[in-house]
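J.: Sharing a structure here in structure tokens format.
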Amino acid sequence: MVHDADRNRIRYEGLMKYCSDPVLILDPQQKVIDANEQALTLFDASIRNSRLHDIFEGIDILIEPAMNTNIIQSARVSFSPKAKKEISLILSFIPLTVAGKLSEILVVCRDLLEVERFRNENEDLKKKLVELEQLQDFARRVAGGKDAVPSAAAALKDLEVVKQRLEDATLKFENELGLAAVLQQSLLPEKTPENKNFNISCFFKPMEQVGGDYYDFVDLENNKKGIIVADVSGHGVSSAFITAMLKISFLNYAGRIRSPAKILEKLNRDYCSVIQTGDFVTAFYAVLDPNQSKITYCGAGHPRPLLFRKKGRDIEYLKSEGFFLGMFEDARYRDSVVGFYPGDRVLIYTDGIVEAFSDGKNEQFGEKRLLQSFKQNARVPVEPMIHKLVESVQQFMQKSRFYDDIALVAVEFKDSYTR
């Protein structure tokens, strides 16, 4: 007999096999029961049967909230391999539930040094070109001087060949990033949609030239508006193409399927059948209906959007327990409905904003600060409000770097709208 947990392990074998980052599988007591090859290389084979808090100091506080929801949550930690320099990691916690109970937890470990290498690779190539030009100039002067030796001319020729190869590699690298950046920019709406019922504003900041965040809007019948916000786990060229596939599928389904849950089911099946890279996508899709003053929505492992109530100045979460896209082909999703009244606001965002890290404070911006900033600026028009939220993150980070993309979409019901 095959148990549900065993079926889950079979279904996420693709993640273990194709993901380039270390992946751990924990039981509900946070003990490591399996790991991919990258994890065994980083932590060594003795990691099996270890508890997570034995590997990362203070991790208990970070992982406890992740064990009670299907929402993917992340935290920054430090790790010291044996006889090696300490490294910083971003851990993404992915809870797996069976019959409503926590079965296992996947932990994807992203090395921030890899992010830094991606960030600095182009700059390094340019510096090497400058150094080669200086060496080339020196070699020319030596070859033409009185003390020139026959090998100097040959060395100069070899140097020119190396320089040309490096220039070609740099150009190819920049062209690929440039094409991917153009592709990603074309996937986002050219401008914020105007609507007689809603005030809408959005913001996007990629970590580098190319990011993995995506948002879009679609006009539906009877003045309804569909809004999707998604986050591809990777960065760079591959994430741009995955996002392109997501957009094409979404627009195909949104025009003929009204249930957000059904659309996410379709997107998940498409993703599982096509993508074999170990990447995954979190998403949130909502349909705003001004005629009935309601939002019908569904999430797939995405951070819970915030709903500000103008009347009581309270903030609610739009909770949804759907699993993220790209792992379980037969995952099921369920629609939720909430009332939406004049002056109320919804903030949909990707996890880059709450996971923004301050090196000086040695902590993340966090959900609590986002709630506070959202509430403080709830009377400000939505467009400047979005920028004030981003400013509060930047002030918190000071001179620290972003290690993830940031995407925000804010929607406000106008005080007077057409029913």
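Chain labels follow the order of the structure tokens: the first chain is A, the next B, and so on; residue numbering restarts at 1 in every chain, and ligands are counted from 1 in their shown order.
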Counting only C-alpha atoms, what is within 6 Å of Gly299 in chain A, bar same-chain residues fewer than 2 positions away, as an MDAnalysis selection string?

T.: chainID A and resid 283:284 302 320 322

J.: Using DSSP on the backbone coordinates, identify the residues of range 205-339 of chain A assigned to strand (DSSP E); present them as number ranges by chain.

T.: A: 205, 213-219, 225-232, 281-289, 294-300, 306-309, 314-317, 336-339

J.: Hey, what's within 6 Å of Ala410 in chain A if we count only C-alpha atoms and toss same-chain stuff fewer than 4 positions away? As a list of chain:residue names, please?

T.: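 Using only C-alpha atoms, the neighbours found are A:Ile200, A:Ser201, A:Val346, A:Leu347.
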
J.: Export N, CA and C atoms of the chosen residues as a compact mmCIF listing (two decimals), in the first residue's frame?

T.:
# COMPACT_ATOMS: atom_id res chain seq x y z
N ILE A 200 -6.17 52.08 -9.09
CA ILE A 200 -5.16 51.01 -9.10
C ILE A 200 -3.77 51.61 -9.28
N SER A 201 -2.81 51.11 -8.51
CA SER A 201 -1.42 51.52 -8.67
C SER A 201 -0.53 50.29 -8.48
N VAL A 346 -6.95 47.01 -1.08
CA VAL A 346 -6.26 45.72 -1.06
C VAL A 346 -4.82 45.94 -1.51
N LEU A 347 -3.88 45.30 -0.81
CA LEU A 347 -2.48 45.35 -1.19
C LEU A 347 -2.00 43.92 -1.47

J.: Set the distance at 9 Å and use only C-alpha atoms: which residues neighbour Pro260 in chain A once local chain neighbours fewer than 6 positions away are removed? I'd like the list as a list in words.

T.: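 My reading of the contact set: Gly226, Ala254, Phe284, Tyr285, Ala286, Val287, Thr296, Tyr297, Cys298, Gly299, Tyr333, Arg334 and Asp335 of chain A.
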
J.: Can I get the selected residues back with C-alpha atoms, as an mmCIF file, in the first residue's frame?

T.:
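The result, stored in result-v6.cif:
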data_model
loop_
_atom_site.group_PDB
_atom_site.id
_atom_site.type_symbol
_atom_site.label_atom_id
_atom_site.label_comp_id
_atom_site.auth_asym_id
_atom_site.auth_seq_id
_atom_site.Cartn_x
_atom_site.Cartn_y
_atom_site.Cartn_z
ATOM 1 C CA GLY A 226 -9.139 40.400 -12.812
ATOM 2 C CA ALA A 254 -8.956 34.316 -17.799
ATOM 3 C CA PHE A 284 -2.581 35.116 -6.280
ATOM 4 C CA TYR A 285 -5.556 35.807 -8.568
ATOM 5 C CA ALA A 286 -8.567 37.934 -7.659
ATOM 6 C CA VAL A 287 -11.711 38.991 -9.529
ATOM 7 C CA THR A 296 -13.486 36.320 -5.392
ATOM 8 C CA TYR A 297 -9.909 35.135 -4.982
ATOM 9 C CA CYS A 298 -7.536 32.207 -4.685
ATOM 10 C CA GLY A 299 -3.865 31.908 -3.769
ATOM 11 C CA TYR A 333 -7.638 25.043 -5.209
ATOM 12 C CA ARG A 334 -10.685 26.694 -3.651
ATOM 13 C CA ASP A 335 -12.273 30.097 -4.189
#

J.: Write out as a list in words each polymer residue whose atoms come within 10 Å of Lys361 in chain A, counting only C-alpha atoms; drop sequence neighbours fewer than 6 positions from it.

T.: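 After dropping sequence-adjacent residues, the list is Phe396, Met397 and Gln398 of chain A.
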
J.: Of the candidates A:Phe250, A:Phe79, A:Tyr349, A:Tyr271, which shows the shortest atom-to-atom distance to Ala331 in chain A, using only C-alpha atoms?

T.: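 Closest to Ala331 in chain A of all the choices is A:Tyr271.
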
J.: Can you pull out every residue from range 219-336 of chain A that DSSP, working from the backbone, puts in alpha helix (DSSP H), and format the result as a PyMOL selection string?

T.: chain A and resi 237-254+260-274

J.: From the options A:Arg48, A:Lys101, A:Arg379, A:Arg345, which residue's atoms come nearest to Val409 in chain A, counting only C-alpha atoms?

T.: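 Checking each of A:Arg48, A:Lys101, A:Arg379, A:Arg345 against Val409 in chain A, counting only C-alpha atoms, the winner is A:Arg345.
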
J.: Which residue, A:Arg258, A:Ala230, A:Ile263, A:Leu52, has the smallest gap to Ala407 in chain A when you use only C-alpha atoms?

T.: A:Ala230

J.: Just want the 10 Å neighbourhood of Asp213 in chain A, counted on only C-alpha atoms, with same-chain residues fewer than 5 positions away dropped. Output as a list in words.

T.: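 Near neighbours after the sequence-gap exclusion: Gln184, Leu188, Phe204, Lys205, Pro206, Met207, Val229, Ala230, Asp231, Val232, Ser233, Gly234, His235, Ser239, Ala240, Thr243, Val281, Thr282, Ala283, Tyr349, Thr350, Asp351, Gly352, Asp404, Asp405, Ile406, Ala407 and Leu408 of chain A.
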